[in-house]
Amino acid sequence: MQCQIEEDRFEFNDMLDKYVKDGNPNMALIRDQPQISTLAREDKKSTRKYIYSLLSDLNSYYKVNPEMKLKDAEIVDLTLTLMKDYFHYRVQDFALFVRNAKAGRYGKSFNRLDGPMIHEWIVKYDQERSYIQQVTNSYYKKVDTNERTSTKNKLDVERMKLNLGTYTQENIEKKKIQEQNKNQE
């Protein structure tokens, strides 16, 4: 059983590496995944278990005094709270948060791990995530604008307008000729 859990973690980390480029999450890829709220509507029990297992993994990762770690009931409560507060996150967001928290990216544990500390850390992740999303969105907006306004695309749009206008004008002329022919008969 332990071997299967370890194998699942390796597979999960390999999958997670796909969403991380140069230490930062690739929000374009993550954005394509379903949100926690959607997953919870489809299968609330599995979604809770997944986030619980991530938080439990984080809890067991830190080598602090057992009295200063989260108890199972606290992890369950934290899972429910995070699912409610961060319903717009994807599973990959929570996994990246846990990975970064394990690396000490959001701060040290100082021989304790509790709910307020994890909330503090996830706020830091949320700020980081928002910044990355903002940069990604502005990049895609620029790319989209450049594609629409490039010379080649302008010519294509102008050609389409010309073809549409010519086609429409030809139809109008044909209809006029047909009407004139009918009137002459």
# chains A, B, ... in the order shown; residues from 1 in each chain; ligands from 1
>>> select_by_dssp(residues="stretch 21-144 of chain A", states="helix (DSSP H, G or I)", output="PyMOL selection string")
chain A and resi 27-31+36-61+66-68+72-85+91-102+115-144
>>> residues_around(residues="stretch 46-52 of chain A", least_positions_apart="3", cutoff="12 Å", atoms="only C-alpha atoms", output="number ranges by chain")
A: 12, 34-43, 55-59, 70-84, 86-87, 89-98
>>> write_last_selection(atoms="N, CA and C atoms", output="compact mmCIF listing (two decimals), in the first residue's frame")
# COMPACT_ATOMS: atom_id res chain seq x y z
N PHE A 12 2.02 12.18 -9.71
CA PHE A 12 1.44 13.49 -9.51
C PHE A 12 2.49 14.58 -9.70
N PRO A 34 -10.59 22.12 -14.64
CA PRO A 34 -11.83 22.53 -13.95
C PRO A 34 -11.55 23.13 -12.58
N GLN A 35 -12.40 24.06 -12.18
CA GLN A 35 -12.28 24.69 -10.87
C GLN A 35 -12.75 23.74 -9.78
N ILE A 36 -12.30 24.03 -8.56
CA ILE A 36 -12.69 23.22 -7.40
C ILE A 36 -14.21 23.19 -7.26
N SER A 37 -14.86 24.33 -7.50
CA SER A 37 -16.32 24.38 -7.37
C SER A 37 -17.00 23.42 -8.34
N THR A 38 -16.48 23.33 -9.55
CA THR A 38 -17.04 22.41 -10.55
C THR A 38 -16.79 20.96 -10.13
N LEU A 39 -15.57 20.68 -9.70
CA LEU A 39 -15.25 19.32 -9.27
C LEU A 39 -16.10 18.91 -8.06
N ALA A 40 -16.30 19.82 -7.15
CA ALA A 40 -17.08 19.52 -5.94
C ALA A 40 -18.54 19.25 -6.29
N ARG A 41 -19.07 19.94 -7.28
CA ARG A 41 -20.45 19.67 -7.70
C ARG A 41 -20.56 18.27 -8.29
N GLU A 42 -19.52 17.86 -9.04
CA GLU A 42 -19.55 16.54 -9.68
C GLU A 42 -19.28 15.43 -8.68
N ASP A 43 -18.29 15.64 -7.79
CA ASP A 43 -17.92 14.60 -6.82
C ASP A 43 -17.28 15.27 -5.61
N LEU A 55 -3.10 18.62 2.01
CA LEU A 55 -2.81 19.29 3.28
C LEU A 55 -2.20 18.33 4.30
N SER A 56 -2.64 17.10 4.29
CA SER A 56 -2.08 16.09 5.18
C SER A 56 -0.62 15.82 4.83
N ASP A 57 -0.33 15.80 3.53
CA ASP A 57 1.04 15.62 3.07
C ASP A 57 1.92 16.79 3.53
N LEU A 58 1.39 18.00 3.44
CA LEU A 58 2.12 19.18 3.92
C LEU A 58 2.36 19.08 5.42
N ASN A 59 1.34 18.65 6.14
CA ASN A 59 1.44 18.51 7.60
C ASN A 59 2.50 17.48 7.98
N LEU A 70 -0.97 19.99 12.80
CA LEU A 70 -2.42 19.96 12.64
C LEU A 70 -2.95 18.57 12.97
N LYS A 71 -4.05 18.52 13.67
CA LYS A 71 -4.74 17.26 13.94
C LYS A 71 -5.65 16.96 12.75
N ASP A 72 -6.11 15.72 12.63
CA ASP A 72 -6.96 15.34 11.51
C ASP A 72 -8.21 16.22 11.42
N ALA A 73 -8.83 16.50 12.54
CA ALA A 73 -10.04 17.34 12.55
C ALA A 73 -9.72 18.75 12.04
N GLU A 74 -8.54 19.26 12.38
CA GLU A 74 -8.13 20.59 11.92
C GLU A 74 -7.87 20.58 10.42
N ILE A 75 -7.32 19.48 9.92
CA ILE A 75 -7.07 19.37 8.47
C ILE A 75 -8.41 19.32 7.73
N VAL A 76 -9.38 18.59 8.28
CA VAL A 76 -10.71 18.53 7.66
C VAL A 76 -11.33 19.93 7.64
N ASP A 77 -11.27 20.63 8.76
CA ASP A 77 -11.82 21.98 8.84
C ASP A 77 -11.11 22.92 7.86
N LEU A 78 -9.80 22.82 7.80
CA LEU A 78 -9.02 23.64 6.88
C LEU A 78 -9.38 23.32 5.43
N THR A 79 -9.57 22.06 5.13
CA THR A 79 -9.97 21.64 3.78
C THR A 79 -11.29 22.29 3.39
N LEU A 80 -12.26 22.22 4.26
CA LEU A 80 -13.58 22.80 3.97
C LEU A 80 -13.50 24.32 3.81
N THR A 81 -12.71 24.94 4.66
CA THR A 81 -12.56 26.40 4.60
C THR A 81 -11.88 26.81 3.29
N LEU A 82 -10.80 26.14 2.94
CA LEU A 82 -10.08 26.49 1.71
C LEU A 82 -10.92 26.23 0.47
N MET A 83 -11.68 25.15 0.48
CA MET A 83 -12.56 24.87 -0.67
C MET A 83 -13.61 25.96 -0.82
N LYS A 84 -14.08 26.49 0.29
CA LYS A 84 -15.10 27.54 0.24
C LYS A 84 -14.48 28.88 -0.16
N TYR A 86 -11.50 29.45 -1.63
CA TYR A 86 -10.74 29.42 -2.89
C TYR A 86 -11.42 28.49 -3.89
N PHE A 87 -12.72 28.62 -4.01
CA PHE A 87 -13.51 27.77 -4.91
C PHE A 87 -13.10 27.93 -6.36
N TYR A 89 -10.05 28.17 -7.43
CA TYR A 89 -8.78 27.50 -7.69
C TYR A 89 -9.01 26.19 -8.41
N ARG A 90 -7.96 25.74 -9.04
CA ARG A 90 -7.94 24.40 -9.62
C ARG A 90 -7.18 23.50 -8.66
N VAL A 91 -7.30 22.21 -8.85
CA VAL A 91 -6.55 21.26 -8.03
C VAL A 91 -5.05 21.54 -8.16
N GLN A 92 -4.63 21.90 -9.36
CA GLN A 92 -3.23 22.20 -9.61
C GLN A 92 -2.76 23.38 -8.78
N ASP A 93 -3.64 24.35 -8.53
CA ASP A 93 -3.29 25.48 -7.68
C ASP A 93 -2.95 25.02 -6.26
N PHE A 94 -3.81 24.16 -5.72
CA PHE A 94 -3.54 23.66 -4.36
C PHE A 94 -2.27 22.83 -4.33
N ALA A 95 -2.05 22.04 -5.37
CA ALA A 95 -0.85 21.23 -5.43
C ALA A 95 0.41 22.10 -5.53
N LEU A 96 0.35 23.16 -6.33
CA LEU A 96 1.49 24.07 -6.43
C LEU A 96 1.72 24.80 -5.11
N PHE A 97 0.63 25.18 -4.46
CA PHE A 97 0.75 25.81 -3.16
C PHE A 97 1.48 24.89 -2.18
N VAL A 98 1.07 23.64 -2.11
CA VAL A 98 1.70 22.69 -1.19
C VAL A 98 3.17 22.48 -1.55
>>> closest_residue(among="A:Gly104, A:Lys45, A:Asp32, A:Asp85", to="A:Asp126", atoms="only C-alpha atoms")
A:Asp85
>>> closest_residue(among="A:Arg99, A:Arg105, A:Arg112, A:Lys142", to="A:Met68", atoms="only C-alpha atoms")
A:Arg112
>>> residues_around(residues="A:Tyr62", least_positions_apart="5", cutoff="10 Å", atoms="only C-alpha atoms", output="VMD selection string")
chain A and resid 57 69 102 108 to 109 111 to 113
